[in-house]
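Novice: File follows, protein.cif with mmCIF, C-alpha atoms:
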data_start
loop_
_atom_site.label_atom_id
_atom_site.label_comp_id
_atom_site.auth_asym_id
_atom_site.auth_seq_id
_atom_site.Cartn_x
_atom_site.Cartn_y
_atom_site.Cartn_z
CA MET I 462 20.04 -1.48 -15.44
CA ASP I 463 21.91 0.99 -13.30
CA LYS I 464 20.92 0.71 -9.67
CA TRP I 465 22.82 3.92 -8.93
CA ILE I 466 20.68 5.94 -11.32
CA ALA I 467 19.40 9.19 -9.76
CA VAL I 468 15.76 8.99 -8.67
CA LYS I 469 14.96 12.07 -10.78
CA HIS I 470 15.18 9.85 -13.87
CA ILE I 471 12.58 7.33 -12.69
CA MET I 472 10.25 9.27 -10.37
CA THR I 473 6.78 10.48 -11.30
CA THR I 474 6.93 14.19 -12.09
CA ASP I 475 3.35 14.77 -13.23
CA LEU I 476 2.01 15.26 -9.71
CA ILE I 477 -1.48 15.76 -8.34
CA THR I 478 -1.16 17.99 -5.27
CA ALA I 479 -3.42 19.48 -2.61
CA ASP I 480 -3.44 22.93 -1.03
CA PRO I 481 -3.23 23.12 2.76
CA ASP I 482 -6.63 24.83 2.96
CA GLU I 483 -8.39 22.35 0.71
CA THR I 484 -11.16 20.34 2.35
CA LEU I 485 -10.72 16.66 2.99
CA ASP I 486 -13.63 16.06 0.65
CA ALA I 487 -11.69 17.61 -2.23
CA VAL I 488 -8.59 15.64 -1.27
CA ARG I 489 -10.57 12.39 -1.16
CA HIS I 490 -11.93 13.07 -4.66
CA LYS I 491 -8.47 13.80 -6.01
CA LEU I 492 -7.18 10.50 -4.60
CA THR I 493 -10.12 8.51 -5.97
CA ASP I 494 -10.46 10.21 -9.36
CA ASN I 495 -6.76 9.89 -10.12
CA HIS I 496 -6.36 6.37 -8.68
CA ILE I 497 -3.52 7.43 -6.41
CA GLN I 498 -2.68 6.37 -2.87
CA HIS I 499 -0.78 9.48 -1.70
CA ILE I 500 -1.07 13.19 -2.30
CA PRO I 501 1.52 15.80 -1.31
CA VAL I 502 0.23 18.99 0.32
CA VAL I 503 2.08 21.98 -1.10
CA GLU I 504 2.37 25.73 -0.82
CA GLY I 505 3.85 26.87 -4.11
CA LYS I 506 6.67 24.36 -4.65
CA LYS I 507 7.27 23.75 -0.96
CA ILE I 508 5.97 20.47 0.40
CA LEU I 509 4.23 20.81 3.76
CA GLY I 510 2.95 17.29 4.26
CA ILE I 511 1.46 14.18 2.73
CA ILE I 512 -1.96 12.53 2.96
CA SER I 513 -2.49 8.84 2.18
CA LYS I 514 -5.66 6.92 1.45
CA GLY I 515 -5.07 5.21 4.79
CA ASP I 516 -5.28 8.61 6.53
CA ILE I 517 -8.64 9.15 4.82
CA HIS I 518 -9.95 5.75 5.94
CA ARG I 519 -8.94 6.55 9.51
CA MET I 520 -11.14 9.66 9.39
CA GLU I 521 -14.23 7.83 8.16
CA HIS I 522 -17.06 7.00 10.52
CA HIS I 523 -16.81 3.50 11.95
CA PHE I 524 -20.03 2.37 10.20
CA THR I 525 -18.95 3.52 6.73
CA LEU I 526 -18.52 -0.11 5.72
CA PHE I 527 -22.25 -0.63 6.22
CA GLN I 528 -23.24 2.55 4.33
CA SER I 529 -25.42 3.56 7.28
CA GLU I 530 -27.14 6.93 6.91
CA LYS I 531 -25.51 8.17 10.11
CA ALA I 532 -22.07 7.23 8.84
CA LEU I 533 -22.59 8.92 5.48
CA GLU I 534 -23.87 12.10 7.13
CA SER I 535 -21.01 12.08 9.62
CA ASN I 536 -18.53 11.64 6.77
CA ARG I 537 -20.13 14.51 4.84
CA GLN I 538 -19.78 16.80 7.86
CA ILE I 539 -16.25 15.79 8.73
CA PHE I 540 -14.92 15.75 5.19
CA SER I 541 -16.40 19.13 4.28
CA THR I 542 -14.98 20.91 7.33
CA ILE I 543 -11.57 19.40 8.01
CA LEU I 544 -8.70 20.82 5.98
CA ALA I 545 -5.75 19.05 4.40
CA SER I 546 -3.33 20.87 6.69
CA GLU I 547 -5.11 19.46 9.75
CA ILE I 548 -4.59 15.79 9.01
CA MET I 549 -1.51 15.67 6.79
CA THR I 550 1.61 13.91 8.03
CA LYS I 551 4.13 16.68 8.62
CA SER I 552 7.25 14.77 9.60
CA LEU I 553 8.35 13.59 6.19
CA VAL I 554 11.10 11.38 4.93
CA MET I 555 12.19 12.85 1.60
CA LEU I 556 14.73 12.07 -1.07
CA LYS I 557 16.92 14.46 -3.01
CA ASP I 558 16.49 14.16 -6.77
CA THR I 559 20.16 13.20 -7.02
CA ASP I 560 19.84 10.30 -4.53
CA SER I 561 20.24 6.86 -6.07
CA ALA I 562 17.50 4.32 -6.76
CA THR I 563 19.23 1.97 -4.33
CA ILE I 564 18.75 4.40 -1.44
CA SER I 565 15.03 4.53 -2.14
CA VAL I 566 14.87 0.71 -2.32
CA ASP I 567 16.47 0.51 1.13
CA LEU I 568 13.91 2.98 2.51
CA PHE I 569 10.97 1.11 1.00
CA LYS I 570 12.25 -2.18 2.43
CA GLU I 571 11.76 -0.75 5.92
CA ASN I 572 8.08 -1.11 5.02
CA LEU I 573 7.05 2.19 6.57
CA PHE I 574 6.25 4.02 3.34
CA HIS I 575 4.75 3.29 -0.05
CA ALA I 576 5.62 6.67 -1.57
CA LEU I 577 8.41 9.18 -1.00
CA PRO I 578 8.49 12.84 -2.04
CA VAL I 579 11.54 13.97 -4.01
CA VAL I 580 12.93 17.51 -3.68
CA ASN I 581 15.62 19.43 -5.56
CA GLU I 582 18.57 21.36 -4.13
CA LYS I 583 16.24 24.27 -3.32
CA ASP I 584 13.99 21.91 -1.34
CA GLN I 585 11.25 22.30 -3.94
CA LEU I 586 9.00 19.30 -4.59
CA VAL I 587 9.88 17.90 -8.01
CA GLY I 588 8.43 14.38 -7.91
CA MET I 589 7.26 11.30 -6.04
CA ILE I 590 8.72 7.83 -6.17
CA THR I 591 6.99 4.53 -5.35
CA PRO I 592 8.07 0.87 -5.39
CA LEU I 593 6.15 0.51 -8.67
CA ASP I 594 8.27 3.24 -10.31
CA LEU I 595 11.38 1.30 -9.25
CA LEU I 596 9.98 -1.99 -10.56
CA ARG I 597 9.00 -0.33 -13.84
CA TYR I 598 12.51 1.00 -14.31
CA ALA I 599 14.25 -2.29 -13.43
CA PHE I 600 12.04 -4.64 -15.42
CA ASP I 601 11.28 -2.44 -18.44
CA GLU I 602 14.99 -1.82 -18.81
CA VAL I 603 15.64 -5.57 -18.94
CA LYS I 604 12.82 -6.06 -21.46
CA ALA I 605 14.29 -3.35 -23.67
CA ILE I 606 17.65 -5.16 -23.64
CA ASP I 607 15.99 -8.53 -24.41
CA MET Y 169 19.19 -9.61 -14.04
CA ASN Y 170 17.54 -12.88 -15.00
CA THR Y 171 13.77 -12.33 -15.16
CA ASN Y 172 13.16 -15.94 -16.22
CA LYS Y 173 13.95 -17.37 -12.79
CA PRO Y 174 10.92 -18.88 -11.01
CA VAL Y 175 9.22 -16.82 -8.28
CA SER Y 176 9.83 -19.78 -5.93
CA ASP Y 177 13.45 -18.55 -5.77
CA ILE Y 178 12.52 -15.27 -4.13
CA MET Y 179 9.12 -15.83 -2.47
CA THR Y 180 8.61 -15.83 1.27
CA ARG Y 181 7.73 -19.34 2.44
CA ASN Y 182 7.45 -18.75 6.16
CA LEU Y 183 3.96 -17.27 6.15
CA VAL Y 184 1.65 -15.86 8.76
CA ILE Y 185 -1.83 -16.94 7.70
CA ILE Y 186 -5.30 -16.69 9.14
CA ARG Y 187 -8.45 -18.84 8.93
CA PRO Y 188 -11.70 -17.35 7.56
CA GLU Y 189 -13.48 -17.58 10.91
CA GLU Y 190 -10.68 -15.84 12.83
CA SER Y 191 -11.73 -12.70 14.69
CA ILE Y 192 -11.02 -9.11 13.70
CA ASP Y 193 -9.19 -8.84 17.01
CA GLN Y 194 -6.74 -11.50 15.84
CA ILE Y 195 -6.16 -9.59 12.57
CA HIS Y 196 -5.55 -6.44 14.60
CA LYS Y 197 -2.94 -8.26 16.70
CA LEU Y 198 -1.15 -9.64 13.64
CA PHE Y 199 -0.87 -6.22 11.99
CA GLU Y 200 0.33 -4.76 15.30
CA GLN Y 201 2.98 -7.45 15.79
CA HIS Y 202 4.31 -7.61 12.24
CA SER Y 203 5.40 -5.07 9.67
CA PHE Y 204 3.75 -6.86 6.71
CA HIS Y 205 0.72 -5.40 4.95
CA HIS Y 206 -1.07 -8.54 3.74
CA ILE Y 207 -2.40 -11.69 5.41
CA PRO Y 208 -3.52 -14.68 3.28
CA VAL Y 209 -6.76 -16.34 4.42
CA VAL Y 210 -6.52 -20.12 4.24
CA GLU Y 211 -9.10 -22.88 4.72
CA HIS Y 212 -8.03 -26.55 4.57
CA ASN Y 213 -4.69 -25.45 3.07
CA LYS Y 214 -6.50 -23.69 0.22
CA LEU Y 215 -6.19 -19.95 -0.34
CA VAL Y 216 -9.66 -18.37 -0.08
CA GLY Y 217 -8.79 -14.69 0.25
CA ILE Y 218 -6.34 -12.03 1.30
CA ILE Y 219 -6.62 -9.17 3.79
CA SER Y 220 -4.61 -6.03 3.17
CA LYS Y 221 -3.88 -3.41 5.77
CA THR Y 222 -6.17 -1.11 3.78
CA ASP Y 223 -9.07 -3.60 4.11
CA TYR Y 224 -8.38 -3.68 7.81
CA LEU Y 225 -8.16 0.11 8.17
CA LYS Y 226 -11.65 0.42 6.73
CA ILE Y 227 -13.08 -1.42 9.73
CA GLN Y 228 -10.47 -0.38 12.27
CA HIS Y 229 -12.78 2.17 13.82
CA MET Y 230 -14.80 -0.64 15.23
CA LEU Y 231 -11.89 -1.32 17.53
CA ALA Y 232 -12.48 2.05 19.11
CA THR Y 233 -15.62 2.36 21.15
CA THR Y 234 -17.46 5.63 21.04
CA TRP Y 235 -19.87 7.09 23.58
CA SER Y 236 -22.63 7.04 20.96
CA GLY Y 237 -22.37 3.50 19.72
CA GLU Y 238 -20.32 1.55 22.19
CA VAL Y 239 -22.64 -1.46 22.54
CA VAL Y 240 -23.46 -1.73 18.83
CA CYS Y 241 -19.79 -1.40 17.96
CA GLN Y 242 -18.74 -4.12 20.33
CA GLU Y 243 -21.42 -6.51 19.08
CA LEU Y 244 -20.65 -5.92 15.42
CA TYR Y 245 -16.97 -6.15 16.07
CA ARG Y 246 -17.35 -9.42 17.96
CA ASP Y 247 -19.48 -10.95 15.20
CA MET Y 248 -17.21 -10.02 12.31
CA CYS Y 249 -14.46 -12.30 11.13
CA ALA Y 250 -11.73 -12.50 8.48
CA ARG Y 251 -14.20 -13.85 5.90
CA ASP Y 252 -16.25 -10.63 6.15
CA ILE Y 253 -13.45 -8.28 5.22
CA MET Y 254 -11.12 -10.33 3.02
CA SER Y 255 -10.79 -9.82 -0.74
CA ARG Y 256 -12.04 -13.02 -2.35
CA GLU Y 257 -10.47 -14.63 -5.40
CA PRO Y 258 -7.24 -12.62 -5.16
CA LEU Y 259 -4.82 -12.56 -8.08
CA LYS Y 260 -2.25 -15.32 -7.59
CA ILE Y 261 0.75 -16.87 -9.24
CA GLU Y 262 2.37 -20.32 -9.40
CA PRO Y 263 5.85 -21.15 -8.05
CA ALA Y 264 7.17 -21.98 -11.52
CA ASP Y 265 5.95 -18.68 -13.00
CA THR Y 266 8.76 -16.27 -13.75
CA ILE Y 267 9.89 -13.25 -11.78
CA GLY Y 268 9.28 -11.21 -14.95
CA LEU Y 269 5.63 -12.27 -15.00
CA ALA Y 270 5.25 -11.32 -11.32
CA ALA Y 271 6.71 -7.88 -12.09
CA ASP Y 272 4.23 -7.46 -14.98
CA ILE Y 273 1.30 -8.35 -12.70
CA PHE Y 274 2.45 -5.92 -10.00
CA ARG Y 275 2.87 -3.07 -12.47
CA ALA Y 276 -0.36 -3.70 -14.38
CA ASN Y 277 -2.46 -3.96 -11.22
CA ALA Y 278 -0.59 -1.63 -8.85
CA LEU Y 279 -0.37 -4.50 -6.36
CA HIS Y 280 2.16 -5.06 -3.58
CA ALA Y 281 1.62 -8.74 -2.74
CA LEU Y 282 0.80 -11.89 -4.72
CA PRO Y 283 0.06 -15.26 -3.08
CA VAL Y 284 1.92 -18.17 -4.66
CA VAL Y 285 -0.30 -21.20 -5.11
CA GLU Y 286 0.40 -24.76 -6.27
CA ASP Y 287 -2.63 -26.97 -6.98
CA GLY Y 288 -4.77 -24.53 -5.01
CA GLU Y 289 -2.51 -24.82 -1.96
CA LEU Y 290 -0.76 -21.71 -0.66
CA VAL Y 291 3.01 -22.23 -0.73
CA GLY Y 292 4.33 -18.68 -0.43
CA ILE Y 293 3.86 -14.99 -1.04
CA VAL Y 294 5.87 -12.66 -3.24
CA THR Y 295 5.84 -8.92 -2.63
CA SER Y 296 7.02 -5.86 -4.50
CA HIS Y 297 9.79 -5.67 -1.87
CA ASP Y 298 11.01 -9.16 -2.83
CA LEU Y 299 11.19 -8.04 -6.46
CA LEU Y 300 12.95 -4.79 -5.58
CA THR Y 301 15.51 -6.66 -3.49
CA TYR Y 302 16.08 -9.11 -6.34
CA ALA Y 303 16.34 -6.41 -9.01
CA TYR Y 304 18.50 -3.91 -7.14
CA GLU Y 305 20.69 -6.18 -5.03
CA GLU Y 306 21.35 -8.76 -7.74
CA SER Y 307 22.40 -6.05 -10.15
CA ILE Y 308 26.18 -5.85 -10.30
CA PHE Y 309 26.25 -2.45 -11.96
#
Re-express the file's structure as structure tokens.

Specialist:
Amino acid sequence: MDKWIAVKHIMTTDLITADPDETLDAVRHKLTDNHIQHIPVVEGKKILGIISKGDIHRMEHHFTLFQSEKALESNRQIFSTILASEIMTKSLVMLKDTDSATISVDLFKENLFHALPVVNEKDQLVGMITPLDLLRYAFDEVKAID
Amino acid sequence: MNTNKPVSDIMTRNLVIIRPEESIDQIHKLFEQHSFHHIPVVEHNKLVGIISKTDYLKIQHMLATTWSGEVVCQELYRDMCARDIMSREPLKIEPADTIGLAADIFRANALHALPVVEDGELVGIVTSHDLLTYAYEESIF
């Protein structure tokens, strides 16, 4: 395996994205239906922010765990009125598509992120990379050689 | 890269663990103090569950008191413990299992942490970060 390989060769390019004016309800469904933990918020190809499943959990009513009627109603109200642009994380750490896999490994080891957006030279969002993408590349590559 | 090495070569042995009856407050403190995202729950040296930061976030709101439910929140919060929010029967691996097998389990299950258990006893934890470090720092290319 080549640890200096550019992230554009191992990132996920088939992205599910959210619009800034999409409701949190729609965002929550996209995360759940597609079994993803993070969703980039975009305007055209420009990334404006990112929303994680953790951000969604933070917005839920504190009795959601108990499925109380009040909690479900509160969630319905909050999630149908708050927009993606209102809760997304705007200060992003991003990678260039030409950055090496090793750089992304170093960033993930800081343990602050589980997904990083990747942009091209025009600052357009072209992919996302996660620790699982990096593991897939490293270990599948070895299997192929074996 | 040698994927046939045992996970015991790369696992973390110096673990922060919690007992099932430990309070939510204690879990809160551990996640505040440390950068890890998973805490194994151990009873009589046996692994009985694992708490991820996501599990914890789901109940985190109970830490905040609201004007509408302050008393109820505090009571519920005080009564809950690690056992109530942990994932039971977590996927686990043995120290002699290979690093390649750990990587397969992580990829197939989109996991980030696997407890390492020998005869039911927790001896370590291996994370996706451990595997990344091994794969990308061991590589000489």

Novice: Smallest atom-to-atom distance to chain I: which of Y:Asn277, Y:Ser296, Y:Asn182, Y:Asn213, using only C-alpha atoms?

Specialist: Y:Ser296

Novice: Which residue gives the smallest distance to chain I among Y:Ser176, Y:Gln201, Y:Thr295, Y:Gln194, with all atoms listed in the file counted?

Specialist: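 Once distances to chain I are computed over all atoms listed in the file, the minimum belongs to Y:Thr295.
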
Novice: List, as a CSV table (one decimal) with C-alpha atoms, keeping the file's coordinate frame, every residue that the PyMOL selection byres ((chain I and resi 471) around 9) selects in the file provided.

Specialist:
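Saved the output as expr-v6.csv:
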chain,number,residue,atom,x,y,z
I,466,ILE,CA,20.7,5.9,-11.3
I,467,ALA,CA,19.4,9.2,-9.8
I,468,VAL,CA,15.8,9.0,-8.7
I,469,LYS,CA,15.0,12.1,-10.8
I,470,HIS,CA,15.2,9.8,-13.9
I,472,MET,CA,10.2,9.3,-10.4
I,473,THR,CA,6.8,10.5,-11.3
I,474,THR,CA,6.9,14.2,-12.1
I,562,ALA,CA,17.5,4.3,-6.8
I,590,ILE,CA,8.7,7.8,-6.2
I,594,ASP,CA,8.3,3.2,-10.3
I,595,LEU,CA,11.4,1.3,-9.2
I,597,ARG,CA,9.0,-0.3,-13.8
I,598,TYR,CA,12.5,1.0,-14.3

Novice: I would like the residues chosen by the PyMOL selection byres ((chain I) within 7 of (chain Y)) on the shown file; could you give them as a list in words?

Specialist: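 For this structure, the PyMOL selection byres ((chain I) within 7 of (chain Y)) captures Asp463, Lys464, Gly515, His518, Arg519, His523, Leu526, Thr563, Val566, Lys570, Asn572, Pro592, Leu593, Leu596, Arg597 and Ala599 of chain I.
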
Novice: Quick one: pull the distance between atom CA of Y:Arg256 and atom CA of Y:Val175, Å, one decimal.

Specialist: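 Spanning atom CA of Y:Arg256 to atom CA of Y:Val175 is a straight-line distance of 22.4 Å.
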
Novice: Tell me, in Å to one decimal, how far atom CA of Y:Glu190 is from atom CA of Y:Ala250.

Specialist: 5.6 Å

Novice: Can you measure atom CA of I:Ile564 to atom CA of I:Met589 for me? One decimal in Å is fine.

Specialist: 14.2 Å

Novice: Could you spell out the hits of the PyMOL selection byres ((chain Y and resi 209) around 10) on the shown file, as a ChimeraX atom specification?

Specialist: /Y:184-190,206-208,210-211,213-219,250-251,254-256,290

Novice: Using only C-alpha atoms, find the one residue out of Y:Ile192, Y:Gly288, Y:Ile273, Y:Thr266 that sits nearest to Y:Met179.

Specialist: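 Ranking Y:Ile192, Y:Gly288, Y:Ile273, Y:Thr266 by distance to Y:Met179, first place goes to Y:Thr266.
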
Novice: Under the rule that only C-alpha atoms are counted, which of I:Glu521, I:Asp516, I:Glu504, I:Glu534 is the nearest residue to I:Thr550?

Specialist: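 Nearest candidate to I:Thr550 out of I:Glu521, I:Asp516, I:Glu504, I:Glu534: I:Asp516.
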
Novice: Which of these residues is nearest to Y:Asn172, using all atoms listed in the file: Y:Ala264, Y:Glu257, Y:Asp252, Y:Ile195?

Specialist: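 Using all atoms listed in the file, the shortest distance to Y:Asn172 belongs to Y:Ala264.
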
Novice: Taking 6 positions as the minimum chain separation for residues in the same chain, which residues sit within 12 Å of I:Thr542 when counting all atoms listed in the file? Answer as an NGL selection string.

Specialist: :I and (482-488 or 535-536 or 548)

Novice: Please complete stretch 559-570 of chain I so it has N, CA and C atoms, and hand it over as a PDB file, in the frame of the given file.

Specialist:
ATOM      1  N   THR I 559      18.885  13.808  -6.602  1.00  0.00           N
ATOM      2  CA  THR I 559      20.160  13.200  -7.020  1.00  0.00           C
ATOM      3  C   THR I 559      20.467  11.898  -6.254  1.00  0.00           C
ATOM      4  N   ASP I 560      19.635  11.566  -5.261  1.00  0.00           N
ATOM      5  CA  ASP I 560      19.840  10.300  -4.530  1.00  0.00           C
ATOM      6  C   ASP I 560      19.662   9.124  -5.497  1.00  0.00           C
ATOM      7  N   SER I 561      20.304   8.012  -5.156  1.00  0.00           N
ATOM      8  CA  SER I 561      20.240   6.860  -6.070  1.00  0.00           C
ATOM      9  C   SER I 561      18.999   6.013  -5.830  1.00  0.00           C
ATOM     10  N   ALA I 562      18.636   5.235  -6.867  1.00  0.00           N
ATOM     11  CA  ALA I 562      17.500   4.320  -6.760  1.00  0.00           C
ATOM     12  C   ALA I 562      17.708   3.349  -5.593  1.00  0.00           C
ATOM     13  N   THR I 563      18.940   2.929  -5.398  1.00  0.00           N
ATOM     14  CA  THR I 563      19.230   1.970  -4.330  1.00  0.00           C
ATOM     15  C   THR I 563      18.867   2.516  -2.947  1.00  0.00           C
ATOM     16  N   ILE I 564      19.105   3.796  -2.741  1.00  0.00           N
ATOM     17  CA  ILE I 564      18.750   4.400  -1.440  1.00  0.00           C
ATOM     18  C   ILE I 564      17.243   4.324  -1.230  1.00  0.00           C
ATOM     19  N   SER I 565      16.479   4.589  -2.300  1.00  0.00           N
ATOM     20  CA  SER I 565      15.030   4.530  -2.140  1.00  0.00           C
ATOM     21  C   SER I 565      14.566   3.088  -1.903  1.00  0.00           C
ATOM     22  N   VAL I 566      15.225   2.125  -2.551  1.00  0.00           N
ATOM     23  CA  VAL I 566      14.870   0.710  -2.320  1.00  0.00           C
ATOM     24  C   VAL I 566      15.070   0.373  -0.843  1.00  0.00           C
ATOM     25  N   ASP I 567      16.190   0.790  -0.287  1.00  0.00           N
ATOM     26  CA  ASP I 567      16.470   0.510   1.130  1.00  0.00           C
ATOM     27  C   ASP I 567      15.394   1.120   2.026  1.00  0.00           C
ATOM     28  N   LEU I 568      14.957   2.329   1.702  1.00  0.00           N
ATOM     29  CA  LEU I 568      13.910   2.980   2.510  1.00  0.00           C
ATOM     30  C   LEU I 568      12.589   2.235   2.391  1.00  0.00           C
ATOM     31  N   PHE I 569      12.247   1.817   1.167  1.00  0.00           N
ATOM     32  CA  PHE I 569      10.970   1.110   1.000  1.00  0.00           C
ATOM     33  C   PHE I 569      10.994  -0.246   1.699  1.00  0.00           C
ATOM     34  N   LYS I 570      12.174  -0.862   1.782  1.00  0.00           N
ATOM     35  CA  LYS I 570      12.250  -2.180   2.430  1.00  0.00           C
ATOM     36  C   LYS I 570      11.979  -2.107   3.931  1.00  0.00           C
TER      37      LYS I 570
END
